[in-house]
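Note: the block below is coords-v2.pdb and it holds PDB, C-alpha atoms, pLDDT in the B column.
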```pdb
ATOM      1  CA  MET J   1       0.000   0.000   0.000  1.00 75.00           C
ATOM      2  CA  ASN J   2       1.195   3.456  -0.773  1.00 80.00           C
ATOM      3  CA  LYS J   3       0.822   6.505   1.485  1.00 81.00           C
ATOM      4  CA  GLU J   4      -2.330   7.735  -0.285  1.00 84.00           C
ATOM      5  CA  GLU J   5      -4.085   4.374   0.137  1.00 79.00           C
ATOM      6  CA  ILE J   6      -3.097   4.209   3.803  1.00 78.00           C
ATOM      7  CA  ALA J   7      -4.403   7.746   4.345  1.00 79.00           C
ATOM      8  CA  GLU J   8      -7.697   6.820   2.655  1.00 81.00           C
ATOM      9  CA  VAL J   9      -8.096   3.677   4.782  1.00 76.00           C
ATOM     10  CA  ALA J  10      -7.372   5.738   7.942  1.00 77.00           C
ATOM     11  CA  ARG J  11      -9.915   8.384   6.881  1.00 80.00           C
ATOM     12  CA  VAL J  12     -12.630   5.774   6.235  1.00 77.00           C
ATOM     13  CA  ALA J  13     -11.867   4.008   9.520  1.00 76.00           C
ATOM     14  CA  ALA J  14     -12.078   7.310  11.428  1.00 75.00           C
ATOM     15  CA  GLN J  15     -15.452   8.061   9.823  1.00 78.00           C
ATOM     16  CA  GLU J  16     -16.743   4.618  10.815  1.00 76.00           C
ATOM     17  CA  VAL J  17     -15.635   5.134  14.423  1.00 68.00           C
ATOM     18  CA  LEU J  18     -17.274   8.565  14.621  1.00 71.00           C
ATOM     19  CA  ALA J  19     -20.499   7.234  13.114  1.00 73.00           C
ATOM     20  CA  ARG J  20     -20.597   4.397  15.658  1.00 70.00           C
ATOM     21  CA  LYS J  21     -19.884   6.821  18.515  1.00 66.00           C
ATOM     22  CA  ASP J  22     -23.057   8.761  17.674  1.00 63.00           C
ATOM     23  CA  ALA J  23     -25.040   5.509  17.572  1.00 64.00           C
ATOM     24  CA  ILE J  24     -23.727   4.520  21.013  1.00 60.00           C
ATOM     25  CA  ILE J  25     -24.609   7.931  22.461  1.00 59.00           C
ATOM     26  CA  ASP J  26     -28.089   7.657  20.914  1.00 62.00           C
ATOM     27  CA  GLU J  27     -28.556   4.204  22.473  1.00 62.00           C
ATOM     28  CA  GLU J  28     -27.442   5.504  25.887  1.00 60.00           C
ATOM     29  CA  PHE J  29     -29.845   8.427  25.609  1.00 58.00           C
ATOM     30  CA  ASP J  30     -32.716   6.141  24.654  1.00 64.00           C
ATOM     31  CA  ALA J  31     -31.944   3.782  27.544  1.00 66.00           C
ATOM     32  CA  ARG J  32     -31.725   6.568  30.156  1.00 66.00           C
ATOM     33  CA  TYR J  33     -34.876   8.269  28.913  1.00 67.00           C
ATOM     34  CA  HIS J  34     -36.643   4.920  28.927  1.00 70.00           C
ATOM     35  CA  ASP J  35     -35.374   4.177  32.461  1.00 73.00           C
ATOM     36  CA  VAL J  36     -36.516   7.531  33.865  1.00 75.00           C
ATOM     37  CA  ASN J  37     -39.865   7.212  32.128  1.00 75.00           C
ATOM     38  CA  LEU J  38     -40.428   3.702  33.502  1.00 73.00           C
ATOM     39  CA  LEU J  39     -39.276   4.732  36.950  1.00 74.00           C
ATOM     40  CA  MET J  40     -41.652   7.673  37.142  1.00 75.00           C
ATOM     41  CA  LYS J  41     -44.562   5.782  35.588  1.00 73.00           C
ATOM     42  CA  ASN J  42     -44.110   3.017  38.167  1.00 71.00           C
ATOM     43  CA  TYR J  43     -43.242   5.257  41.118  1.00 72.00           C
ATOM     44  CA  ARG J  44     -46.444   4.521  43.043  1.00 70.00           C
ATOM     45  CA  LYS J  45     -46.135   0.768  42.467  1.00 66.00           C
ATOM     46  CA  LEU J  46     -42.498   0.707  43.562  1.00 68.00           C
ATOM     47  CA  ARG J  47     -43.314   2.684  46.716  1.00 68.00           C
ATOM     48  CA  ALA J  48     -46.166   0.273  47.469  1.00 66.00           C
ATOM     49  CA  HIS J  49     -43.934  -2.724  46.837  1.00 59.00           C
ATOM     50  CA  TYR J  50     -41.317  -1.483  49.246  1.00 59.00           C
ATOM     51  CA  ALA J  51     -43.897  -0.455  51.856  1.00 63.00           C
ATOM     52  CA  HIS J  52     -45.915  -3.668  51.805  1.00 56.00           C
ATOM     53  CA  VAL J  53     -43.372  -6.434  51.351  1.00 57.00           C
ATOM     54  CA  SER J  54     -42.308  -7.422  54.814  1.00 58.00           C
ATOM     55  CA  PRO J  55     -38.936  -9.151  55.108  1.00 56.00           C
ATOM     56  CA  GLU J  56     -40.225 -11.134  58.098  1.00 55.00           C
ATOM     57  CA  THR J  57     -42.842 -12.855  55.950  1.00 50.00           C
ATOM     58  CA  LEU J  58     -40.438 -13.762  53.180  1.00 50.00           C
ATOM     59  CA  GLU J  59     -38.491 -16.976  53.156  1.00 52.00           C
ATOM     60  CA  VAL J  60     -36.800 -16.640  49.806  1.00 51.00           C
ATOM     61  CA  SER J  61     -33.542 -14.704  50.072  1.00 53.00           C
ATOM     62  CA  CYS J  62     -33.818 -13.524  46.472  1.00 55.00           C
ATOM     63  CA  ILE J  63     -37.062 -11.678  47.232  1.00 56.00           C
ATOM     64  CA  CYS J  64     -35.453 -10.114  50.301  1.00 60.00           C
ATOM     65  CA  SER J  65     -32.571  -8.972  48.129  1.00 69.00           C
ATOM     66  CA  MET J  66     -34.982  -7.456  45.605  1.00 71.00           C
ATOM     67  CA  ARG J  67     -36.771  -5.652  48.434  1.00 71.00           C
ATOM     68  CA  ARG J  68     -33.452  -4.215  49.657  1.00 76.00           C
ATOM     69  CA  LYS J  69     -32.526  -3.074  46.153  1.00 78.00           C
ATOM     70  CA  THR J  70     -35.954  -1.541  45.666  1.00 77.00           C
ATOM     71  CA  GLY J  71     -35.629   0.216  49.023  1.00 79.00           C
ATOM     72  CA  LEU J  72     -32.222   1.638  48.147  1.00 81.00           C
ATOM     73  CA  MET J  73     -33.423   2.756  44.752  1.00 80.00           C
ATOM     74  CA  MET J  74     -36.590   4.360  46.104  1.00 83.00           C
ATOM     75  CA  SER J  75     -34.631   6.115  48.838  1.00 85.00           C
ATOM     76  CA  HIS J  76     -32.390   7.642  46.169  1.00 84.00           C
ATOM     77  CA  VAL J  77     -35.380   8.549  43.975  1.00 86.00           C
ATOM     78  CA  ASP J  78     -37.170  10.190  46.909  1.00 89.00           C
ATOM     79  CA  LYS J  79     -34.089  12.249  47.772  1.00 89.00           C
ATOM     80  CA  MET J  80     -33.728  13.369  44.166  1.00 87.00           C
ATOM     81  CA  LEU J  81     -37.439  14.182  43.952  1.00 91.00           C
ATOM     82  CA  ALA J  82     -37.098  16.333  47.078  1.00 92.00           C
ATOM     83  CA  ALA J  83     -34.066  18.046  45.545  1.00 89.00           C
ATOM     84  CA  TYR J  84     -35.966  18.624  42.305  1.00 91.00           C
ATOM     85  CA  GLU J  85     -38.968  20.022  44.160  1.00 93.00           C
ATOM     86  CA  ALA J  86     -36.708  22.470  46.008  1.00 92.00           C
ATOM     87  CA  LEU J  87     -34.942  23.495  42.783  1.00 89.00           C
ATOM     88  CA  CYS J  88     -38.245  24.088  41.018  1.00 92.00           C
ATOM     89  CA  LYS J  89     -39.811  26.015  43.880  1.00 91.00           C
ATOM     90  CA  GLU J  90     -36.737  28.258  44.132  1.00 90.00           C
ATOM     91  CA  ALA J  91     -36.674  28.905  40.373  1.00 88.00           C
ATOM     92  CA  VAL J  92     -37.236  32.441  39.154  1.00 90.00           C
ATOM     93  CA  ASN J  93     -38.599  31.231  35.822  1.00 90.00           C
ATOM     94  CA  PRO J  94     -42.293  30.229  36.182  1.00 90.00           C
ATOM     95  CA  ASP J  95     -41.845  27.459  33.576  1.00 90.00           C
ATOM     96  CA  GLU J  96     -39.182  25.824  35.724  1.00 90.00           C
ATOM     97  CA  ALA J  97     -41.278  26.292  38.855  1.00 89.00           C
ATOM     98  CA  ARG J  98     -44.260  24.589  37.176  1.00 95.00           C
ATOM     99  CA  ARG J  99     -42.297  21.477  36.167  1.00 94.00           C
ATOM    100  CA  TRP J 100     -42.400  20.066  39.692  1.00 95.00           C
ATOM    101  CA  GLU J 101     -46.188  20.399  39.769  1.00 95.00           C
ATOM    102  CA  VAL J 102     -46.508  18.644  36.413  1.00 95.00           C
ATOM    103  CA  LEU J 103     -44.228  15.788  37.500  1.00 95.00           C
ATOM    104  CA  ASN J 104     -45.834  15.484  40.918  1.00 94.00           C
ATOM    105  CA  LEU J 105     -49.407  15.502  39.642  1.00 95.00           C
ATOM    106  CA  ARG J 106     -48.642  13.046  36.857  1.00 93.00           C
ATOM    107  CA  TYR J 107     -46.592  10.422  38.681  1.00 90.00           C
ATOM    108  CA  ILE J 108     -46.419  10.965  42.426  1.00 89.00           C
ATOM    109  CA  ASP J 109     -49.622  12.471  43.782  1.00 89.00           C
ATOM    110  CA  GLU J 110     -52.257  10.048  45.044  1.00 86.00           C
ATOM    111  CA  ASP J 111     -55.025  11.617  42.905  1.00 87.00           C
ATOM    112  CA  ARG J 112     -53.806  10.046  39.603  1.00 83.00           C
ATOM    113  CA  LEU J 113     -54.988  12.851  37.371  1.00 90.00           C
ATOM    114  CA  SER J 114     -55.167  12.587  33.591  1.00 93.00           C
ATOM    115  CA  VAL J 115     -53.170  14.862  31.309  1.00 94.00           C
ATOM    116  CA  ASP J 116     -56.323  16.891  30.602  1.00 95.00           C
ATOM    117  CA  GLU J 117     -57.064  17.263  34.310  1.00 96.00           C
ATOM    118  CA  ILE J 118     -53.510  18.351  35.081  1.00 95.00           C
ATOM    119  CA  ALA J 119     -53.503  20.856  32.226  1.00 96.00           C
ATOM    120  CA  GLU J 120     -56.807  22.261  33.433  1.00 96.00           C
ATOM    121  CA  ARG J 121     -55.668  22.447  37.067  1.00 95.00           C
ATOM    122  CA  LEU J 122     -52.449  24.266  36.106  1.00 95.00           C
ATOM    123  CA  ASN J 123     -54.196  26.410  33.500  1.00 96.00           C
ATOM    124  CA  ILE J 124     -51.918  25.252  30.662  1.00 96.00           C
ATOM    125  CA  ASP J 125     -52.582  23.504  27.389  1.00 95.00           C
ATOM    126  CA  LYS J 126     -51.638  19.887  26.725  1.00 94.00           C
ATOM    127  CA  ARG J 127     -48.629  20.836  24.586  1.00 95.00           C
ATOM    128  CA  THR J 128     -47.236  22.808  27.508  1.00 95.00           C
ATOM    129  CA  PHE J 129     -47.854  19.823  29.771  1.00 96.00           C
ATOM    130  CA  TYR J 130     -45.887  17.504  27.464  1.00 95.00           C
ATOM    131  CA  ARG J 131     -43.071  20.029  27.071  1.00 94.00           C
ATOM    132  CA  ASP J 132     -42.888  20.438  30.869  1.00 95.00           C
ATOM    133  CA  ILE J 133     -42.980  16.710  31.595  1.00 94.00           C
ATOM    134  CA  ASN J 134     -40.229  16.049  29.050  1.00 90.00           C
ATOM    135  CA  ARG J 135     -38.030  18.748  30.588  1.00 90.00           C
ATOM    136  CA  ALA J 136     -38.792  17.376  34.069  1.00 92.00           C
ATOM    137  CA  MET J 137     -37.689  13.915  32.887  1.00 88.00           C
ATOM    138  CA  GLU J 138     -34.452  15.408  31.551  1.00 85.00           C
ATOM    139  CA  ASP J 139     -33.875  17.147  34.881  1.00 85.00           C
ATOM    140  CA  MET J 140     -34.635  13.967  36.826  1.00 85.00           C
ATOM    141  CA  ALA J 141     -32.255  11.964  34.632  1.00 82.00           C
ATOM    142  CA  VAL J 142     -29.447  14.344  35.592  1.00 79.00           C
ATOM    143  CA  LEU J 143     -30.361  14.127  39.272  1.00 81.00           C
ATOM    144  CA  LEU J 144     -30.634  10.340  39.198  1.00 78.00           C
ATOM    145  CA  PHE J 145     -27.716   9.489  36.905  1.00 74.00           C
ATOM    146  CA  GLY J 146     -25.438  12.502  37.362  1.00 68.00           C
ATOM    147  CA  ILE J 147     -22.839  13.359  34.759  1.00 58.00           C
ATOM    148  CA  GLU J 148     -23.701  10.267  32.714  1.00 59.00           C
ATOM    149  CA  ALA J 149     -27.056  11.827  31.794  1.00 55.00           C
ATOM    150  CA  ILE J 150     -25.733  15.254  30.839  1.00 55.00           C
ATOM    151  CA  GLY J 151     -23.837  14.202  27.744  1.00 53.00           C
ATOM    152  CA  SER J 152     -26.601  12.027  26.363  1.00 49.00           C
ATOM    153  CA  TRP J 153     -29.333  14.663  26.875  1.00 46.00           C
ATOM    154  CA  LYS J 154     -27.126  17.391  25.452  1.00 46.00           C
ATOM    155  CA  HIS J 155     -26.345  15.235  22.430  1.00 45.00           C
ATOM    156  CA  LYS J 156     -30.015  14.666  21.645  1.00 48.00           C
ATOM    157  CA  LYS J 157     -31.035  18.342  21.644  1.00 45.00           C
TER
END
```

As structure tokens, please, write out the structure in this file.
Amino acid sequence: MNKEEIAEVARVAAQEVLARKDAIIDEEFDARYHDVNLLMKNYRKLRAHYAHVSPETLEVSCICSMRRKTGLMMSHVDKMLAAYEALCKEAVNPDEARRWEVLNLRYIDEDRLSVDEIAERLNIDKRTFYRDINRAMEDMAVLLFGIEAIGSWKHKK
């Protein structure tokens, strides 16, 4: 191979690597977004699971281990939800302040309101609700996953 052929092979290889890097970042973004979405959609069920599964009544160590993991996870989620609530309530921007209410009413509050009911209660339209809930999910991903979430969210925008 001459120098020109080697340079061409190196250029093509570099392009392939860069193309794959974007695909990996996209996959990581999709996985984190999916994880946060599932976590918030199942928040009430996970809290109930942890609250109602008594380790004294369980004989299978695997189930006890799952309960411990669920407890640790929910403890972390609750701390990050409290942090997010405080951040939103301290926000100067009313859009940021409203995001906690949207997240809370949709996934955490006992009332289980529909999107229409939440939009009506907060005096916003449904598009604003969806924009707010998506931004709240992005914010929660950063709180839950830290620096790992920042790059993947930033990449997707």

Hits of the PyMOL selection byres ((chain J and resi 99) around 7) in this structure, as an MDAnalysis selection string: chainID J and resid 88 95:98 100:103 132:133 136

For CA of Asn42 in chain J and CA of Val142 in chain J, the interatomic separation in Å (one decimal):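 Computing it gives 18.7 Å between the two atoms.
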
Hits from the PyMOL selection byres ((chain J and resi 107) around 10), listed as a VMD selection string: chain J and resid 37 39 to 44 102 to 106 108 to 113

Can you report as lines of an AutoDock Vina configuration file the centre and edge lengths in Å, to one decimal, of an axis-aligned box around the listed atoms of range 119-131 of chain J padded with 6 Å on each side?
```
center_x = -49.9
center_y = 22.0
center_z = 30.8
size_x = 25.7
size_y = 20.9
size_z = 24.5
```

d(CA of Pro94 in chain J, CA of Met137 in chain J) in Å: 17.3 Å

Between CA of Thr128 in chain J and CA of Val115 in chain J - distance in Å to one decimal: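 These atoms are spaced 10.6 Å apart.
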
Picked residues, the PyMOL selection byres ((chain J and resi 82) around 12), expected as a list in words: Ser75, His76, Val77, Asp78, Lys79, Met80, Leu81, Ala83, Tyr84, Glu85, Ala86, Leu87, Cys88, Lys89, Trp100, Leu103, Asn104, Ile108, Met140, Leu143 and Leu144 of chain J

Residue nearest Phe145 in chain J - candidates J:Met66, J:Val36, J:Ile124, J:Ala119, atoms counted: all atoms listed in the file: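 Selected residue with least distance to Phe145 in chain J: J:Val36.
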